[in-house]
Amino acid sequence: MFGLRDLKIVVKDLSLLLILISLVMLLPVLVGLFYADSYDTFDDFLLAAALTGGIGAVGYFSIRHTQEMSLKHAIALMVLFWPIAALFSAIPILTTGAAPSFIDAYFEGMSGWTTGGLSTISGNVESFPHSVNMWRGLLQFMGGIGVLLISIVVLVQARTGSESISLVAPEFDAGERIRPGIWTTTKTLITLFLFFLIICTILFLIAGMNPFDALFHAMTGLATGGFSTHPNSIAYFRSSAIELAAVIVMIIGATNVAIHFAVLSGNYKELLFFRNIEVKSFVVFLIIFSSAGAFWLLTQSSMNSMDAINESFFHVVSGLTTTGWTVASSGSMSASYPSVFLLMIVVCALIGGHSVSTAAGIRQVRVALIIKSLWWHIKKTLLPSTVVFPRSYHHIVKKTVTDSRMTDIYIFISILFLMLLISTIVVMSHGYSLERSFLESTTSLTTLGMGFGIASPTAATGVKVMLIINMWLGRIEIVPLLLFIASFSRKFK
Amino acid sequence: MPRERYSSSIIAKRIFSLISGVVFEIGFILFIILLVLGVTSAVALLHSLVG
């Protein structure tokens, strides 16, 4: 059962994270100084950093304990971290005047940390000081790294995550003691992401972005977050080179970290022969959806072939990687594309990117295993019962699927769709159509973040709260919240 | 515990491995983009021929 002693461990760790967040809050001030932002903005960030760091320091230094962190503490930490981090991160967004109300600032904070990318204030981003935009970019970048740590530390331990993890962080196979592994993995992941940040910033610079936009989009693209410094997202730039760079950055962000590690240490075979189940399924989905999307744009809109091919491909990549960047020429997805095309993009987001990547959704490995399990089921039914066949697949290494593993996948997907249904009903009850309610619920739950016209400062508070909950649950993959609630029961002493 | 020391040749090898890895990854992604755009263009061409 989760008791006061357990709470102390979690609060101490949360406090340490708040201190780290307060230190990162100082970076936008440096950027603001460089771009000569107003001094009032600096005060807002310094006060927010002092408040966040102060509360963190009080929590960290006043709690003493010697107990080792275990799985139930890690689950509590991941469940509670996002809403608390979003709360403190919203302070400078509110006090600088970027958001008109607390709920909009909190929405932006949650969207940043969960790498959702959905925003109620995206219409005004061009008027924000550089420091505020830098803070938005940093939120998504930190959120992206945080998501990976969660995938590695918690989801795998709780048997809801990926199976490739032992290659990224073999120390987690050992058992319940997880703190030594966290620091090693954190250092490795931060190094990898800073390396990719440099590479992706250079790509955007070569493609023609200015240095600030290049750094910002590299941060939000790698995190598959989708924030932009322009209301029209990538469409603002009207550049094929920037669109190509954006596609490369999104795919890097949505690729399994274990594959990055393999390739960067010289193991090219993992990619070269399409052996990996996630690489294979990702390419197959890209081909199917990109072709279908181009077909629908040609038959149901007045678009020429070249634009249909380009825009279909870009949005399918944006959907599958759950980034949410758009190249819609009018700036509005709903006004630019037929309904079937929009539905296809959110289906892409539901499928999602690789496991152990910054992308969300059901994730490639789960979808691929479901498709494979259908085939295994047909074989099992039609072949004589004496025939035994291997239920294996290649995911970094050769693996075998167990029934228990498939049950985990089906439970996760059932809860995801139940949540989607509840969210659609809640949004519809505020007077929106079924189509828009479904699209906006999916875009928030999958952390796609492509706006379909509901998330705005004028939306009802109930809708904003629902979308915030969606982004949070979509990011933590729902099951850990159920485990956290269950840990309070006396049945789990 | 004494800190691990790396010779300059090991560091050079690691840097080369990193750079060649990134070049390979970006090359692979470009190949995928070409593959997908090729198939998508074929579908669009088919549509214009039939329609």
# chains A, B, ... in the order shown; residues from 1 in each chain; ligands from 1
$ interface_residues --of "chain B" --to "chain A" --cutoff "10 Å" --atoms "only C-alpha atoms" --output "PyMOL selection string"
chain B and resi 14-30+32-33+35-48+51
$ write_last_selection --atoms "N, CA and C atoms" --output "short mmCIF file (atom, residue, chain, number, x, y, z; two decimals), in the first residue's frame"
data_model
loop_
_atom_site.label_atom_id
_atom_site.label_comp_id
_atom_site.auth_asym_id
_atom_site.auth_seq_id
_atom_site.Cartn_x
_atom_site.Cartn_y
_atom_site.Cartn_z
N ARG B 14 35.58 7.10 -32.25
CA ARG B 14 34.21 7.31 -31.78
C ARG B 14 33.53 8.44 -32.54
N ILE B 15 34.29 9.53 -32.74
CA ILE B 15 33.72 10.67 -33.47
C ILE B 15 33.39 10.25 -34.90
N PHE B 16 34.30 9.49 -35.53
CA PHE B 16 34.06 9.02 -36.89
C PHE B 16 32.82 8.12 -36.93
N SER B 17 32.69 7.25 -35.90
CA SER B 17 31.55 6.33 -35.83
C SER B 17 30.24 7.12 -35.70
N LEU B 18 30.27 8.18 -34.86
CA LEU B 18 29.07 9.01 -34.67
C LEU B 18 28.67 9.70 -35.97
N ILE B 19 29.66 10.34 -36.61
CA ILE B 19 29.37 11.11 -37.83
C ILE B 19 28.89 10.17 -38.93
N SER B 20 29.57 9.04 -39.10
CA SER B 20 29.14 8.12 -40.16
C SER B 20 27.77 7.53 -39.84
N GLY B 21 27.47 7.34 -38.54
CA GLY B 21 26.16 6.84 -38.14
C GLY B 21 25.06 7.83 -38.50
N VAL B 22 25.30 9.12 -38.21
CA VAL B 22 24.30 10.15 -38.52
C VAL B 22 24.11 10.26 -40.04
N VAL B 23 25.23 10.26 -40.78
CA VAL B 23 25.14 10.34 -42.24
C VAL B 23 24.33 9.15 -42.77
N PHE B 24 24.60 7.96 -42.21
CA PHE B 24 23.87 6.77 -42.65
C PHE B 24 22.38 6.90 -42.34
N GLU B 25 22.06 7.39 -41.12
CA GLU B 25 20.65 7.52 -40.73
C GLU B 25 19.91 8.49 -41.65
N ILE B 26 20.54 9.66 -41.89
CA ILE B 26 19.88 10.65 -42.75
C ILE B 26 19.76 10.11 -44.18
N GLY B 27 20.78 9.40 -44.64
CA GLY B 27 20.73 8.77 -45.97
C GLY B 27 19.60 7.76 -46.05
N PHE B 28 19.44 6.98 -45.00
CA PHE B 28 18.37 5.98 -44.97
C PHE B 28 17.00 6.65 -45.00
N ILE B 29 16.86 7.73 -44.21
CA ILE B 29 15.57 8.46 -44.19
C ILE B 29 15.28 9.04 -45.58
N LEU B 30 16.31 9.59 -46.23
CA LEU B 30 16.12 10.14 -47.59
C LEU B 30 15.68 9.04 -48.55
N ILE B 32 13.98 6.36 -47.74
CA ILE B 32 12.57 6.07 -47.41
C ILE B 32 11.66 7.13 -48.04
N ILE B 33 12.08 8.40 -47.92
CA ILE B 33 11.27 9.49 -48.49
C ILE B 33 11.10 9.28 -49.99
N LEU B 35 11.35 6.48 -51.66
CA LEU B 35 10.54 5.28 -51.87
C LEU B 35 9.05 5.61 -51.74
N VAL B 36 8.70 6.30 -50.64
CA VAL B 36 7.28 6.62 -50.38
C VAL B 36 6.76 7.59 -51.43
N LEU B 37 7.56 8.63 -51.73
CA LEU B 37 7.11 9.59 -52.74
C LEU B 37 6.96 8.92 -54.11
N GLY B 38 7.83 7.96 -54.40
CA GLY B 38 7.74 7.23 -55.66
C GLY B 38 6.43 6.48 -55.78
N VAL B 39 6.08 5.74 -54.73
CA VAL B 39 4.81 4.97 -54.76
C VAL B 39 3.62 5.93 -54.81
N THR B 40 3.68 7.01 -53.99
CA THR B 40 2.58 7.98 -53.97
C THR B 40 2.40 8.63 -55.34
N SER B 41 3.52 8.96 -56.00
CA SER B 41 3.44 9.55 -57.34
C SER B 41 2.83 8.57 -58.32
N ALA B 42 3.16 7.28 -58.18
CA ALA B 42 2.60 6.26 -59.07
C ALA B 42 1.08 6.21 -58.91
N VAL B 43 0.61 6.31 -57.66
CA VAL B 43 -0.84 6.31 -57.41
C VAL B 43 -1.48 7.54 -58.05
N ALA B 44 -0.83 8.71 -57.88
CA ALA B 44 -1.37 9.95 -58.46
C ALA B 44 -1.39 9.86 -59.99
N LEU B 45 -0.35 9.25 -60.56
CA LEU B 45 -0.27 9.10 -62.02
C LEU B 45 -1.39 8.19 -62.51
N LEU B 46 -1.58 7.10 -61.78
CA LEU B 46 -2.64 6.14 -62.12
C LEU B 46 -4.00 6.82 -62.09
N HIS B 47 -4.20 7.67 -61.07
CA HIS B 47 -5.46 8.39 -60.93
C HIS B 47 -5.69 9.30 -62.12
N SER B 48 -4.62 10.02 -62.54
CA SER B 48 -4.79 10.95 -63.67
C SER B 48 -5.02 10.20 -64.97
N GLY B 51 -8.74 8.64 -64.33
CA GLY B 51 -9.77 9.66 -64.12
C GLY B 51 -9.78 10.68 -65.24
#
$ residues_around --residues "Gly117 of chain A" --least-positions-apart "4" --cutoff "8 Å" --atoms "only C-alpha atoms" --output "PyMOL selection string"
chain A and resi 111-112+225-227+323-324+447-450
$ residues_around --residues "segment 485-489 of chain A" --least-positions-apart "6" --cutoff "8 Å" --atoms "only C-alpha atoms" --output "PDB file with all heavy atoms, in the first residue's frame"
ATOM      1  N   MET A   1       0.833  -1.206   0.000  1.00  0.00           N
ATOM      2  CA  MET A   1       0.000   0.000   0.000  1.00  0.00           C
ATOM      3  C   MET A   1       0.870   1.260   0.000  1.00  0.00           C
ATOM      4  O   MET A   1       1.915   1.279   0.620  1.00  0.00           O
ATOM      5  CB  MET A   1      -0.897   0.002   1.236  1.00  0.00           C
ATOM      6  CG  MET A   1      -2.079   0.926   1.110  1.00  0.00           C
ATOM      7  SD  MET A   1      -3.077   0.844   2.600  1.00  0.00           S
ATOM      8  CE  MET A   1      -2.790   2.454   3.276  1.00  0.00           C
ATOM      9  N   PHE A   2       0.425   2.284  -0.665  1.00  0.00           N
ATOM     10  CA  PHE A   2       1.176   3.536  -0.762  1.00  0.00           C
ATOM     11  C   PHE A   2       0.970   4.353   0.514  1.00  0.00           C
ATOM     12  O   PHE A   2      -0.147   4.788   0.805  1.00  0.00           O
ATOM     13  CB  PHE A   2       0.679   4.313  -1.980  1.00  0.00           C
ATOM     14  CG  PHE A   2       1.663   5.308  -2.500  1.00  0.00           C
ATOM     15  CD1 PHE A   2       2.625   4.936  -3.417  1.00  0.00           C
ATOM     16  CD2 PHE A   2       1.630   6.618  -2.059  1.00  0.00           C
ATOM     17  CE1 PHE A   2       3.532   5.860  -3.905  1.00  0.00           C
ATOM     18  CE2 PHE A   2       2.536   7.547  -2.539  1.00  0.00           C
ATOM     19  CZ  PHE A   2       3.485   7.164  -3.462  1.00  0.00           C
ATOM     20  N   GLY A   3       2.014   4.533   1.300  1.00  0.00           N
ATOM     21  CA  GLY A   3       1.870   5.223   2.583  1.00  0.00           C
ATOM     22  C   GLY A   3       2.631   6.532   2.625  1.00  0.00           C
ATOM     23  O   GLY A   3       3.178   7.000   1.614  1.00  0.00           O
ATOM     24  N   LYS A  72       6.774   1.201  -7.420  1.00  0.00           N
ATOM     25  CA  LYS A  72       5.573   1.977  -7.087  1.00  0.00           C
ATOM     26  C   LYS A  72       5.893   3.467  -6.931  1.00  0.00           C
ATOM     27  O   LYS A  72       5.069   4.324  -7.259  1.00  0.00           O
ATOM     28  CB  LYS A  72       4.870   1.418  -5.848  1.00  0.00           C
ATOM     29  CG  LYS A  72       5.590   1.560  -4.538  1.00  0.00           C
ATOM     30  CD  LYS A  72       4.696   1.047  -3.409  1.00  0.00           C
ATOM     31  CE  LYS A  72       5.487   0.996  -2.111  1.00  0.00           C
ATOM     32  NZ  LYS A  72       4.700   0.449  -1.016  1.00  0.00           N
TER      33      LYS A  72
END
$ atom_distance --atom1 "atom CA of Gly253 of chain A" --atom2 "atom CA of Glu278 of chain A"
13.9 Å
$ atom_distance --atom1 "atom CA of His73 of chain A" --atom2 "atom CA of Thr114 of chain A"
20.1 Å
$ atom_distance --atom1 "atom CA of Lys12 of chain A" --atom2 "atom CA of Tyr60 of chain A"
4.9 Å
$ residues_around --residues "segment 126-132 of chain A" --least-positions-apart "5" --cutoff "8 Å" --atoms "only C-alpha atoms" --output "PDB file with N, CA, C and O atoms, in the first residue's frame"
ATOM      1  N   PRO A  28      15.832  31.040 -20.916  1.00  0.00           N
ATOM      2  CA  PRO A  28      15.114  32.038 -21.723  1.00  0.00           C
ATOM      3  C   PRO A  28      15.552  33.474 -21.434  1.00  0.00           C
ATOM      4  O   PRO A  28      15.498  34.329 -22.321  1.00  0.00           O
ATOM      5  N   VAL A  29      16.001  33.738 -20.176  1.00  0.00           N
ATOM      6  CA  VAL A  29      16.463  35.094 -19.853  1.00  0.00           C
ATOM      7  C   VAL A  29      17.708  35.419 -20.681  1.00  0.00           C
ATOM      8  O   VAL A  29      17.826  36.519 -21.234  1.00  0.00           O
ATOM      9  N   LEU A  30      18.616  34.455 -20.807  1.00  0.00           N
ATOM     10  CA  LEU A  30      19.830  34.673 -21.609  1.00  0.00           C
ATOM     11  C   LEU A  30      19.467  34.930 -23.071  1.00  0.00           C
ATOM     12  O   LEU A  30      20.010  35.823 -23.710  1.00  0.00           O
ATOM     13  N   VAL A  31      18.509  34.138 -23.579  1.00  0.00           N
ATOM     14  CA  VAL A  31      18.063  34.318 -24.968  1.00  0.00           C
ATOM     15  C   VAL A  31      17.409  35.694 -25.123  1.00  0.00           C
ATOM     16  O   VAL A  31      17.649  36.415 -26.099  1.00  0.00           O
ATOM     17  N   GLY A  32      16.594  36.069 -24.118  1.00  0.00           N
ATOM     18  CA  GLY A  32      15.930  37.376 -24.149  1.00  0.00           C
ATOM     19  C   GLY A  32      16.939  38.517 -24.133  1.00  0.00           C
ATOM     20  O   GLY A  32      16.758  39.525 -24.815  1.00  0.00           O
ATOM     21  N   TYR A  35      18.416  38.840 -27.607  1.00  0.00           N
ATOM     22  CA  TYR A  35      17.501  39.429 -28.592  1.00  0.00           C
ATOM     23  C   TYR A  35      16.880  40.747 -28.096  1.00  0.00           C
ATOM     24  O   TYR A  35      15.930  41.242 -28.692  1.00  0.00           O
ATOM     25  N   ASP A  37      14.920  41.539 -25.481  1.00  0.00           N
ATOM     26  CA  ASP A  37      13.515  41.534 -25.050  1.00  0.00           C
ATOM     27  C   ASP A  37      13.320  42.569 -23.940  1.00  0.00           C
ATOM     28  O   ASP A  37      14.289  43.039 -23.354  1.00  0.00           O
ATOM     29  N   SER A  38      12.055  42.836 -23.612  1.00  0.00           N
ATOM     30  CA  SER A  38      11.748  43.789 -22.543  1.00  0.00           C
ATOM     31  C   SER A  38      12.246  43.261 -21.192  1.00  0.00           C
ATOM     32  O   SER A  38      12.187  42.060 -20.921  1.00  0.00           O
ATOM     33  N   THR A  41       9.960  41.081 -18.973  1.00  0.00           N
ATOM     34  CA  THR A  41       9.922  39.643 -19.231  1.00  0.00           C
ATOM     35  C   THR A  41      10.953  38.912 -18.373  1.00  0.00           C
ATOM     36  O   THR A  41      10.685  37.836 -17.856  1.00  0.00           O
ATOM     37  N   PRO A  92       5.593  31.556 -15.872  1.00  0.00           N
ATOM     38  CA  PRO A  92       6.097  32.631 -16.742  1.00  0.00           C
ATOM     39  C   PRO A  92       5.211  32.882 -17.972  1.00  0.00           C
ATOM     40  O   PRO A  92       5.162  34.004 -18.467  1.00  0.00           O
ATOM     41  N   ILE A  93       4.519  31.826 -18.430  1.00  0.00           N
ATOM     42  CA  ILE A  93       3.633  32.006 -19.604  1.00  0.00           C
ATOM     43  C   ILE A  93       2.475  32.940 -19.227  1.00  0.00           C
ATOM     44  O   ILE A  93       2.058  33.784 -20.014  1.00  0.00           O
ATOM     45  N   THR A  96       4.017  36.759 -18.145  1.00  0.00           N
ATOM     46  CA  THR A  96       4.509  37.584 -19.264  1.00  0.00           C
ATOM     47  C   THR A  96       3.353  38.055 -20.148  1.00  0.00           C
ATOM     48  O   THR A  96       3.574  38.834 -21.081  1.00  0.00           O
ATOM     49  N   ALA A  98       1.606  36.125 -22.139  1.00  0.00           N
ATOM     50  CA  ALA A  98       1.463  35.315 -23.361  1.00  0.00           C
ATOM     51  C   ALA A  98       0.114  34.602 -23.386  1.00  0.00           C
ATOM     52  O   ALA A  98      -0.476  34.424 -24.453  1.00  0.00           O
ATOM     53  N   THR A 229       7.019  28.711 -34.074  1.00  0.00           N
ATOM     54  CA  THR A 229       7.097  30.140 -33.771  1.00  0.00           C
ATOM     55  C   THR A 229       6.169  30.937 -34.684  1.00  0.00           C
ATOM     56  O   THR A 229       6.177  32.163 -34.656  1.00  0.00           O
ATOM     57  N   HIS A 230       5.377  30.213 -35.490  1.00  0.00           N
ATOM     58  CA  HIS A 230       4.445  30.884 -36.415  1.00  0.00           C
ATOM     59  C   HIS A 230       3.080  30.196 -36.354  1.00  0.00           C
ATOM     60  O   HIS A 230       3.018  28.957 -36.267  1.00  0.00           O
ATOM     61  N   PRO A 231       1.991  30.978 -36.414  1.00  0.00           N
ATOM     62  CA  PRO A 231       0.655  30.370 -36.318  1.00  0.00           C
ATOM     63  C   PRO A 231       0.396  29.340 -37.417  1.00  0.00           C
ATOM     64  O   PRO A 231      -0.324  28.366 -37.202  1.00  0.00           O
TER      65      PRO A 231
END
$ select_by_dssp --residues "segment 148-370 of chain A" --states "helix (DSSP H, G or I)" --output "ChimeraX atom specification"
/A:148-155,165-168,170-173,179-207,211-222,233-237,240-253,257-264,269-272,277-300,305-320,333-336,339-351,364-370
$ residues_around --residues "Pro390 of chain A" --least-positions-apart "2" --cutoff "12 Å" --atoms "only C-alpha atoms" --output "compact mmCIF listing (two decimals) with all heavy atoms, in the first residue's frame"
# COMPACT_ATOMS: atom_id res chain seq x y z
N LYS A 372 0.43 -9.23 -36.67
CA LYS A 372 1.07 -10.56 -36.68
C LYS A 372 0.23 -11.58 -35.92
O LYS A 372 0.09 -12.73 -36.34
CB LYS A 372 2.47 -10.48 -36.05
CG LYS A 372 3.58 -10.23 -37.07
CD LYS A 372 4.94 -10.29 -36.40
CE LYS A 372 6.06 -10.27 -37.41
NZ LYS A 372 6.33 -11.54 -38.04
N SER A 373 -0.34 -11.16 -34.79
CA SER A 373 -1.11 -12.10 -33.96
C SER A 373 -2.37 -12.58 -34.70
O SER A 373 -2.82 -13.70 -34.50
CB SER A 373 -1.47 -11.49 -32.61
OG SER A 373 -2.49 -10.55 -32.75
N TRP A 376 -1.10 -15.30 -36.84
CA TRP A 376 -0.82 -16.48 -36.02
C TRP A 376 -2.14 -17.17 -35.63
O TRP A 376 -2.21 -18.39 -35.57
CB TRP A 376 -0.07 -16.08 -34.75
CG TRP A 376 1.33 -15.60 -35.00
CD1 TRP A 376 2.16 -16.03 -36.00
CD2 TRP A 376 2.07 -14.62 -34.27
NE1 TRP A 376 3.36 -15.37 -35.94
CE2 TRP A 376 3.33 -14.50 -34.88
CE3 TRP A 376 1.79 -13.84 -33.16
CZ2 TRP A 376 4.31 -13.63 -34.43
CZ3 TRP A 376 2.76 -12.97 -32.70
CH2 TRP A 376 4.01 -12.87 -33.33
N LYS A 379 -3.37 -19.17 -38.56
CA LYS A 379 -2.56 -20.38 -38.69
C LYS A 379 -2.94 -21.43 -37.64
O LYS A 379 -3.11 -22.61 -37.93
CB LYS A 379 -1.07 -20.04 -38.52
CG LYS A 379 -0.41 -19.64 -39.84
CD LYS A 379 0.94 -19.04 -39.61
CE LYS A 379 2.04 -20.08 -39.55
NZ LYS A 379 3.38 -19.45 -39.51
N LYS A 380 -3.11 -20.94 -36.41
CA LYS A 380 -3.44 -21.83 -35.30
C LYS A 380 -4.79 -22.50 -35.53
O LYS A 380 -4.99 -23.68 -35.21
CB LYS A 380 -3.48 -21.02 -34.00
CG LYS A 380 -3.51 -21.83 -32.74
CD LYS A 380 -3.53 -20.87 -31.55
CE LYS A 380 -4.12 -21.56 -30.34
NZ LYS A 380 -4.36 -20.60 -29.27
N VAL A 387 0.65 -29.14 -34.88
CA VAL A 387 1.70 -28.30 -35.49
C VAL A 387 2.04 -27.15 -34.55
O VAL A 387 1.17 -26.43 -34.07
CB VAL A 387 1.22 -27.73 -36.85
CG1 VAL A 387 2.28 -26.79 -37.44
CG2 VAL A 387 0.91 -28.85 -37.81
N VAL A 388 3.34 -27.00 -34.27
CA VAL A 388 3.81 -25.90 -33.41
C VAL A 388 4.60 -24.93 -34.28
O VAL A 388 5.47 -25.35 -35.03
CB VAL A 388 4.71 -26.43 -32.27
CG1 VAL A 388 5.22 -25.28 -31.42
CG2 VAL A 388 3.96 -27.44 -31.43
N SER A 392 7.55 -15.44 -33.34
CA SER A 392 8.70 -14.56 -33.10
C SER A 392 8.73 -13.38 -34.06
O SER A 392 8.10 -13.40 -35.12
CB SER A 392 9.98 -15.37 -33.22
OG SER A 392 10.06 -15.89 -34.52
N TYR A 393 9.47 -12.36 -33.67
CA TYR A 393 9.66 -11.18 -34.52
C TYR A 393 11.00 -10.56 -34.17
O TYR A 393 11.57 -10.82 -33.10
CB TYR A 393 8.53 -10.17 -34.28
CG TYR A 393 8.49 -9.59 -32.89
CD1 TYR A 393 9.02 -8.33 -32.62
CD2 TYR A 393 7.95 -10.32 -31.84
CE1 TYR A 393 9.00 -7.81 -31.34
CE2 TYR A 393 7.94 -9.82 -30.56
CZ TYR A 393 8.46 -8.56 -30.31
OH TYR A 393 8.45 -8.06 -29.04
N LYS A 398 16.03 -10.92 -31.84
CA LYS A 398 14.90 -11.83 -32.08
C LYS A 398 14.13 -12.02 -30.77
O LYS A 398 14.73 -12.27 -29.73
CB LYS A 398 15.46 -13.18 -32.56
CG LYS A 398 14.47 -13.97 -33.38
CD LYS A 398 14.48 -13.53 -34.82
CE LYS A 398 13.56 -14.38 -35.67
NZ LYS A 398 13.21 -13.72 -36.93
N LYS A 399 12.81 -11.89 -30.84
CA LYS A 399 12.01 -12.04 -29.62
C LYS A 399 10.82 -12.94 -29.89
O LYS A 399 10.39 -13.09 -31.02
CB LYS A 399 11.50 -10.67 -29.15
CG LYS A 399 12.59 -9.83 -28.51
CD LYS A 399 12.03 -8.57 -27.92
CE LYS A 399 13.09 -7.80 -27.19
NZ LYS A 399 13.39 -8.32 -25.87
N THR A 400 10.28 -13.52 -28.82
CA THR A 400 9.09 -14.35 -28.93
C THR A 400 7.95 -13.68 -28.17
O THR A 400 8.18 -13.12 -27.09
CB THR A 400 9.35 -15.74 -28.33
OG1 THR A 400 10.53 -16.26 -28.94
CG2 THR A 400 8.19 -16.68 -28.58
N VAL A 401 6.75 -13.73 -28.74
CA VAL A 401 5.61 -13.08 -28.09
C VAL A 401 4.91 -14.06 -27.16
O VAL A 401 4.61 -15.19 -27.56
CB VAL A 401 4.60 -12.59 -29.14
CG1 VAL A 401 3.49 -11.79 -28.46
CG2 VAL A 401 5.28 -11.76 -30.18
N THR A 402 4.63 -13.60 -25.96
CA THR A 402 3.87 -14.44 -25.03
C THR A 402 2.41 -13.97 -25.01
O THR A 402 2.12 -12.84 -25.41
CB THR A 402 4.44 -14.32 -23.61
OG1 THR A 402 4.36 -12.93 -23.24
CG2 THR A 402 5.87 -14.79 -23.53
